[in-house]
>>> print(open('start.cif').read())   # mmCIF, C-alpha atoms
data_upload
#
loop_
_atom_site.group_PDB
_atom_site.id
_atom_site.type_symbol
_atom_site.label_atom_id
_atom_site.label_comp_id
_atom_site.auth_asym_id
_atom_site.auth_seq_id
_atom_site.Cartn_x
_atom_site.Cartn_y
_atom_site.Cartn_z
ATOM 1 C CA MET N 1 -146.810 -25.739 -236.558
ATOM 2 C CA LYS N 2 -143.725 -26.153 -238.742
ATOM 3 C CA ASP N 3 -145.575 -28.365 -241.252
ATOM 4 C CA ASN N 4 -148.216 -25.636 -241.392
ATOM 5 C CA THR N 5 -145.500 -23.061 -242.106
ATOM 6 C CA VAL N 6 -144.264 -25.094 -245.082
ATOM 7 C CA SER N 7 -147.760 -25.440 -246.545
ATOM 8 C CA GLU N 8 -148.493 -21.737 -245.953
ATOM 9 C CA TYR N 9 -145.206 -20.760 -247.609
ATOM 10 C CA LYS N 10 -145.870 -23.017 -250.594
ATOM 11 C CA HIS N 11 -149.398 -21.646 -250.998
ATOM 12 C CA VAL N 12 -148.173 -18.040 -250.979
ATOM 13 C CA ILE N 13 -145.375 -18.808 -253.445
ATOM 14 C CA LYS N 14 -147.809 -20.683 -255.706
ATOM 15 C CA GLU N 15 -149.997 -17.558 -255.863
ATOM 16 C CA CYS N 16 -146.978 -15.311 -256.459
ATOM 17 C CA LYS N 17 -145.667 -17.580 -259.211
ATOM 18 C CA ALA N 18 -149.099 -17.643 -260.892
ATOM 19 C CA LEU N 19 -149.035 -13.829 -261.017
ATOM 20 C CA PHE N 20 -145.422 -13.896 -262.270
ATOM 21 C CA GLU N 21 -146.532 -16.231 -265.062
ATOM 22 C CA LYS N 22 -149.444 -13.980 -266.088
ATOM 23 C CA LYS N 23 -147.308 -10.837 -266.018
ATOM 24 C CA THR N 24 -144.592 -12.591 -268.031
ATOM 25 C CA LYS N 25 -147.201 -13.496 -270.629
ATOM 26 C CA ASP N 26 -148.564 -9.918 -270.636
ATOM 27 C CA TYR N 27 -145.273 -7.994 -270.559
ATOM 28 C CA GLY N 28 -142.633 -10.522 -271.498
ATOM 29 C CA THR N 29 -139.427 -10.128 -269.542
ATOM 30 C CA ALA N 30 -139.158 -6.352 -269.794
ATOM 31 C CA TRP N 31 -137.813 -6.443 -266.212
ATOM 32 C CA ARG N 32 -134.601 -7.988 -267.575
ATOM 33 C CA ILE N 33 -133.551 -4.461 -268.633
ATOM 34 C CA LEU N 34 -133.427 -3.403 -264.965
ATOM 35 C CA ARG N 35 -130.154 -3.349 -263.128
ATOM 36 C CA ILE N 36 -130.363 -4.966 -259.708
ATOM 37 C CA PRO N 37 -130.311 -1.608 -257.835
ATOM 38 C CA SER N 38 -133.366 -0.594 -259.892
ATOM 39 C CA ILE N 39 -135.160 -3.730 -258.726
ATOM 40 C CA THR N 40 -134.141 -2.873 -255.162
ATOM 41 C CA ASP N 41 -135.767 0.534 -255.653
ATOM 42 C CA GLN N 42 -138.952 -1.128 -256.970
ATOM 43 C CA VAL N 43 -139.113 -3.238 -253.807
ATOM 44 C CA TYR N 44 -138.490 -0.092 -251.737
ATOM 45 C CA ILE N 45 -141.426 1.689 -253.408
ATOM 46 C CA LYS N 46 -143.746 -1.202 -252.554
ATOM 47 C CA ALA N 47 -142.556 -1.476 -248.950
ATOM 48 C CA GLN N 48 -142.782 2.293 -248.468
ATOM 49 C CA ARG N 49 -146.355 2.296 -249.771
ATOM 50 C CA ILE N 50 -147.278 -0.413 -247.265
ATOM 51 C CA ARG N 51 -145.734 1.569 -244.413
ATOM 52 C CA SER N 52 -147.415 4.785 -245.542
ATOM 53 C CA ILE N 53 -150.829 3.104 -245.567
ATOM 54 C CA GLN N 54 -150.163 1.501 -242.174
ATOM 55 C CA GLU N 55 -149.232 4.868 -240.682
ATOM 56 C CA LYS N 56 -152.045 6.870 -242.298
ATOM 57 C CA GLY N 57 -154.671 4.207 -241.721
ATOM 58 C CA ALA N 58 -156.133 5.017 -245.134
ATOM 59 C CA GLN N 59 -155.273 4.766 -248.784
ATOM 60 C CA LYS N 60 -156.355 6.565 -251.956
ATOM 61 C CA VAL N 61 -155.367 3.862 -254.458
ATOM 62 C CA GLU N 62 -157.631 0.902 -253.869
ATOM 63 C CA GLU N 63 -155.018 -1.802 -254.173
ATOM 64 C CA ASP N 64 -154.749 -4.005 -251.118
ATOM 65 C CA ILE N 65 -151.386 -4.097 -249.345
ATOM 66 C CA SER N 66 -151.394 -7.876 -249.829
ATOM 67 C CA ASN N 67 -150.735 -7.175 -253.497
ATOM 68 C CA GLU N 68 -147.697 -5.117 -252.521
ATOM 69 C CA PHE N 69 -146.267 -8.001 -250.475
ATOM 70 C CA VAL N 70 -146.800 -10.284 -253.481
ATOM 71 C CA GLY N 71 -144.931 -7.700 -255.570
ATOM 72 C CA ILE N 72 -142.081 -7.619 -253.056
ATOM 73 C CA ILE N 73 -141.769 -11.399 -253.264
ATOM 74 C CA ASN N 74 -141.740 -11.418 -257.056
ATOM 75 C CA TYR N 75 -139.332 -8.502 -257.391
ATOM 76 C CA CYS N 76 -136.963 -10.106 -254.866
ATOM 77 C CA ILE N 77 -137.050 -13.344 -256.838
ATOM 78 C CA MET N 78 -136.415 -11.351 -260.036
ATOM 79 C CA ALA N 79 -133.413 -9.675 -258.379
ATOM 80 C CA VAL N 80 -131.928 -13.057 -257.498
ATOM 81 C CA MET N 81 -132.680 -14.219 -261.056
ATOM 82 C CA GLN N 82 -130.893 -11.166 -262.468
ATOM 83 C CA GLU N 83 -127.852 -11.974 -260.372
ATOM 84 C CA GLU N 84 -127.860 -15.569 -261.592
ATOM 85 C CA LEU N 85 -128.445 -14.521 -265.209
ATOM 86 C CA LYS N 86 -125.477 -12.128 -265.241
ATOM 87 C CA GLY N 87 -123.793 -12.471 -268.604
ATOM 88 C CA ASN N 88 -126.985 -13.729 -270.241
ATOM 89 C CA ASP N 89 -128.060 -10.841 -272.471
ATOM 90 C CA ASN N 90 -131.312 -12.483 -273.565
ATOM 91 C CA MET N 91 -133.993 -9.911 -272.761
ATOM 92 C CA ASN N 92 -136.813 -12.067 -274.170
ATOM 93 C CA MET N 93 -136.897 -15.180 -272.034
ATOM 94 C CA SER N 94 -139.988 -17.336 -271.939
ATOM 95 C CA TYR N 95 -141.908 -18.156 -268.792
ATOM 96 C CA GLU N 96 -141.002 -21.804 -269.418
ATOM 97 C CA GLU N 97 -137.304 -20.890 -269.260
ATOM 98 C CA LEU N 98 -137.741 -18.903 -266.055
ATOM 99 C CA ALA N 99 -140.156 -21.180 -264.160
ATOM 100 C CA PRO N 100 -137.479 -23.683 -263.039
ATOM 101 C CA LEU N 101 -135.265 -20.811 -261.865
ATOM 102 C CA TYR N 102 -138.214 -19.292 -259.969
ATOM 103 C CA ASP N 103 -138.885 -22.673 -258.351
ATOM 104 C CA ARG N 104 -135.260 -23.240 -257.350
ATOM 105 C CA ILE N 105 -134.916 -19.771 -255.813
ATOM 106 C CA SER N 106 -138.176 -20.129 -253.893
ATOM 107 C CA GLU N 107 -137.147 -23.616 -252.659
ATOM 108 C CA GLU N 108 -133.740 -22.332 -251.508
ATOM 109 C CA THR N 109 -135.558 -19.502 -249.726
ATOM 110 C CA LEU N 110 -137.910 -22.005 -248.063
ATOM 111 C CA ASP N 111 -134.858 -23.970 -246.877
ATOM 112 C CA LEU N 112 -133.468 -20.773 -245.327
ATOM 113 C CA LEU N 113 -136.846 -20.083 -243.709
ATOM 114 C CA MET N 114 -136.993 -23.561 -242.192
ATOM 115 C CA ASN N 115 -133.456 -23.309 -240.820
ATOM 116 C CA LYS N 116 -134.188 -19.931 -239.245
ATOM 117 C CA ASN N 117 -137.631 -21.079 -238.114
ATOM 118 C CA HIS N 118 -135.977 -23.992 -236.301
ATOM 119 C CA ASP N 119 -133.680 -21.625 -234.409
ATOM 120 C CA TYR N 120 -136.282 -18.925 -233.755
ATOM 121 C CA ASP N 121 -139.135 -21.371 -233.103
ATOM 122 C CA GLU N 122 -141.906 -19.680 -235.105
ATOM 123 C CA ALA N 123 -141.285 -16.295 -233.431
ATOM 124 C CA TRP N 124 -142.537 -14.584 -236.596
ATOM 125 C CA ARG N 125 -146.089 -15.581 -235.667
ATOM 126 C CA GLU N 126 -145.890 -13.107 -232.747
ATOM 127 C CA ILE N 127 -144.486 -10.208 -234.779
ATOM 128 C CA ARG N 128 -146.796 -7.451 -236.027
ATOM 129 C CA VAL N 129 -147.178 -6.937 -239.772
ATOM 130 C CA SER N 130 -146.112 -3.314 -239.240
ATOM 131 C CA SER N 131 -142.886 -4.467 -237.563
ATOM 132 C CA MET N 132 -142.155 -6.881 -240.396
ATOM 133 C CA THR N 133 -142.736 -4.016 -242.844
ATOM 134 C CA ASP N 134 -140.122 -2.000 -240.949
ATOM 135 C CA ILE N 135 -137.724 -4.964 -241.040
ATOM 136 C CA ILE N 136 -138.209 -5.244 -244.814
ATOM 137 C CA LEU N 137 -137.439 -1.529 -245.168
ATOM 138 C CA MET N 138 -134.335 -1.929 -242.972
ATOM 139 C CA LYS N 139 -133.145 -4.827 -245.133
ATOM 140 C CA LEU N 140 -133.723 -2.681 -248.227
ATOM 141 C CA LEU N 141 -131.558 0.065 -246.766
ATOM 142 C CA ARG N 142 -128.891 -2.545 -246.065
ATOM 143 C CA VAL N 143 -129.082 -3.812 -249.646
ATOM 144 C CA LYS N 144 -128.826 -0.259 -250.985
ATOM 145 C CA GLN N 145 -125.711 0.315 -248.841
ATOM 146 C CA ILE N 146 -124.148 -2.951 -250.037
ATOM 147 C CA GLU N 147 -124.959 -1.982 -253.634
ATOM 148 C CA ASP N 148 -123.407 1.447 -253.065
ATOM 149 C CA ASN N 149 -120.323 -0.384 -251.734
ATOM 150 C CA GLU N 150 -120.199 -2.365 -254.994
ATOM 151 C CA GLY N 151 -121.244 -5.567 -253.209
ATOM 152 C CA LYS N 152 -118.386 -5.541 -250.735
ATOM 153 C CA THR N 153 -119.096 -6.314 -247.086
ATOM 154 C CA LEU N 154 -116.755 -6.779 -244.146
ATOM 155 C CA VAL N 155 -118.803 -9.051 -241.892
ATOM 156 C CA SER N 156 -122.362 -8.894 -243.204
ATOM 157 C CA GLU N 157 -124.410 -11.297 -245.252
ATOM 158 C CA GLY N 158 -124.711 -10.355 -248.877
ATOM 159 C CA VAL N 159 -127.502 -9.007 -251.020
ATOM 160 C CA ARG N 160 -128.990 -12.414 -251.852
ATOM 161 C CA ALA N 161 -129.539 -13.328 -248.188
ATOM 162 C CA ASN N 162 -131.286 -9.993 -247.625
ATOM 163 C CA TYR N 163 -133.543 -10.577 -250.629
ATOM 164 C CA GLN N 164 -134.375 -14.026 -249.272
ATOM 165 C CA ASP N 165 -135.186 -12.567 -245.860
ATOM 166 C CA MET N 166 -137.479 -9.998 -247.513
ATOM 167 C CA ILE N 167 -139.239 -12.810 -249.370
ATOM 168 C CA ASN N 168 -139.738 -14.687 -246.129
ATOM 169 C CA TYR N 169 -140.964 -11.662 -244.170
ATOM 170 C CA SER N 170 -143.395 -10.885 -247.001
ATOM 171 C CA VAL N 171 -144.673 -14.466 -246.877
ATOM 172 C CA PHE N 172 -145.137 -14.111 -243.110
ATOM 173 C CA CYS N 173 -147.072 -10.872 -243.614
ATOM 174 C CA LEU N 174 -149.342 -12.504 -246.173
ATOM 175 C CA VAL N 175 -149.993 -15.412 -243.798
ATOM 176 C CA LYS N 176 -150.840 -12.974 -241.004
ATOM 177 C CA LEU N 177 -153.102 -11.009 -243.367
ATOM 178 C CA ASN N 178 -154.979 -14.242 -244.097
ATOM 179 C CA PHE N 179 -153.811 -14.372 -247.716
ATOM 180 C CA VAL N 180 -153.701 -18.139 -247.177
ATOM 181 C CA SER N 181 -156.315 -20.324 -245.623
ATOM 182 C CA HIS N 182 -155.377 -21.824 -242.266
ATOM 183 C CA ASP N 183 -156.340 -25.487 -242.364
#
>>> encode(input="start.cif", output="structure tokens")
Amino acid sequence: MKDNTVSEYKHVIKECKALFEKKTKDYGTAWRILRIPSITDQVYIKAQRIRSIQEKGAQKVEEDISNEFVGIINYCIMAVMQEELKGNDNMNMSYEELAPLYDRISEETLDLLMNKNHDYDEAWREIRVSSMTDIILMKLLRVKQIEDNEGKTLVSEGVRANYQDMINYSVFCLVKLNFVSHD
């Protein structure tokens, strides 16, 4: 199963990166103007929409929730990028400049997933998409609290680890929603 998890993760990230590339070519890196708490709020909007649709059982905007999970993944990667690009005032970065950073962040997040997956033994496969949505929202509230505390924590993991967890839970949701083919 664990080899399957790696291939599923890589397939999801490949699709997310392809969208990131297209949006970068359409919009440039306008997102670079956003402060990290603003990116956190963007992720919150997407997660809240997913939860709202799950609870109502209907939607009025015909955009599949899979697209929202893809957005969560990309915004979380952008947030980590913003943190790493602190001090770099270049608002007009090319996709070619950002692609290696995107790859490194997604690989580090895969490493975290595999370490946790080893300890939890694929437990995510038994979790409902609605529960994972709630966990993403909880992690967002944690990030907002850490941001409000100016990044200071007493015993908790930092913002980056929470973003990585949200990426991984979003990947899990997309796998469970059959966003990837199961070979």
>>> residues_near_point(input="start.cif", point="(-144.0, -17.7, -253.4)", cutoff="9 Å", atoms="all atoms listed in the file", output="PDB file with C-alpha atoms, keeping the file's coordinate frame")
ATOM      1  CA  TYR N   9    -145.206 -20.760-247.609  1.00  0.00           C
ATOM      2  CA  LYS N  10    -145.870 -23.017-250.594  1.00  0.00           C
ATOM      3  CA  HIS N  11    -149.398 -21.646-250.998  1.00  0.00           C
ATOM      4  CA  VAL N  12    -148.173 -18.040-250.979  1.00  0.00           C
ATOM      5  CA  ILE N  13    -145.375 -18.808-253.445  1.00  0.00           C
ATOM      6  CA  LYS N  14    -147.809 -20.683-255.706  1.00  0.00           C
ATOM      7  CA  GLU N  15    -149.997 -17.558-255.863  1.00  0.00           C
ATOM      8  CA  CYS N  16    -146.978 -15.311-256.459  1.00  0.00           C
ATOM      9  CA  LYS N  17    -145.667 -17.580-259.211  1.00  0.00           C
ATOM     10  CA  VAL N  70    -146.800 -10.284-253.481  1.00  0.00           C
ATOM     11  CA  ILE N  73    -141.769 -11.399-253.264  1.00  0.00           C
ATOM     12  CA  ASN N  74    -141.740 -11.418-257.056  1.00  0.00           C
ATOM     13  CA  ILE N  77    -137.050 -13.344-256.838  1.00  0.00           C
ATOM     14  CA  TYR N 102    -138.214 -19.292-259.969  1.00  0.00           C
ATOM     15  CA  ASP N 103    -138.885 -22.673-258.351  1.00  0.00           C
ATOM     16  CA  SER N 106    -138.176 -20.129-253.893  1.00  0.00           C
ATOM     17  CA  ILE N 167    -139.239 -12.810-249.370  1.00  0.00           C
ATOM     18  CA  ASN N 168    -139.738 -14.687-246.129  1.00  0.00           C
ATOM     19  CA  VAL N 171    -144.673 -14.466-246.877  1.00  0.00           C
TER      20      VAL N 171
END
>>> residues_around(input="start.cif", residues="range 119-136 of chain N", least_positions_apart="6", cutoff="7 Å", atoms="all atoms listed in the file", output="VMD selection string")
chain N and resid 47 51 54 166 169 173
>>> atom_distance(input="start.cif", atom1="CA of Arg35 in chain N", atom2="CA of Val80 in chain N")
11.4 Å
>>> atom_distance(input="start.cif", atom1="CA of Val43 in chain N", atom2="CA of Met114 in chain N")
23.5 Å
>>> resolve_selection(input="start.cif", expression="the PyMOL selection byres ((chain N and resi 64) around 12)", output="PyMOL selection string")
chain N and resi 46+49-50+53-54+58-63+65-71+174+177+179
>>> residues_around(input="start.cif", residues="range 156-163 of chain N", least_positions_apart="4", cutoff="9 Å", atoms="only C-alpha atoms", output="PyMOL selection string")
chain N and resi 40+73+76-77+79-80+83+109+112+136+139-140+142-144+146-147+151-152+167-168
>>> residues_around(input="start.cif", residues="Leu101 in chain N", least_positions_apart="6", cutoff="10 Å", atoms="all atoms listed in the file", output="number ranges by chain")
N: 77-78, 80-81, 84-85, 95, 107
>>> residues_around(input="start.cif", residues="Lys25 in chain N", least_positions_apart="6", cutoff="12 Å", atoms="all atoms listed in the file", output="ChimeraX atom specification")
/N:18-19,92-96,98
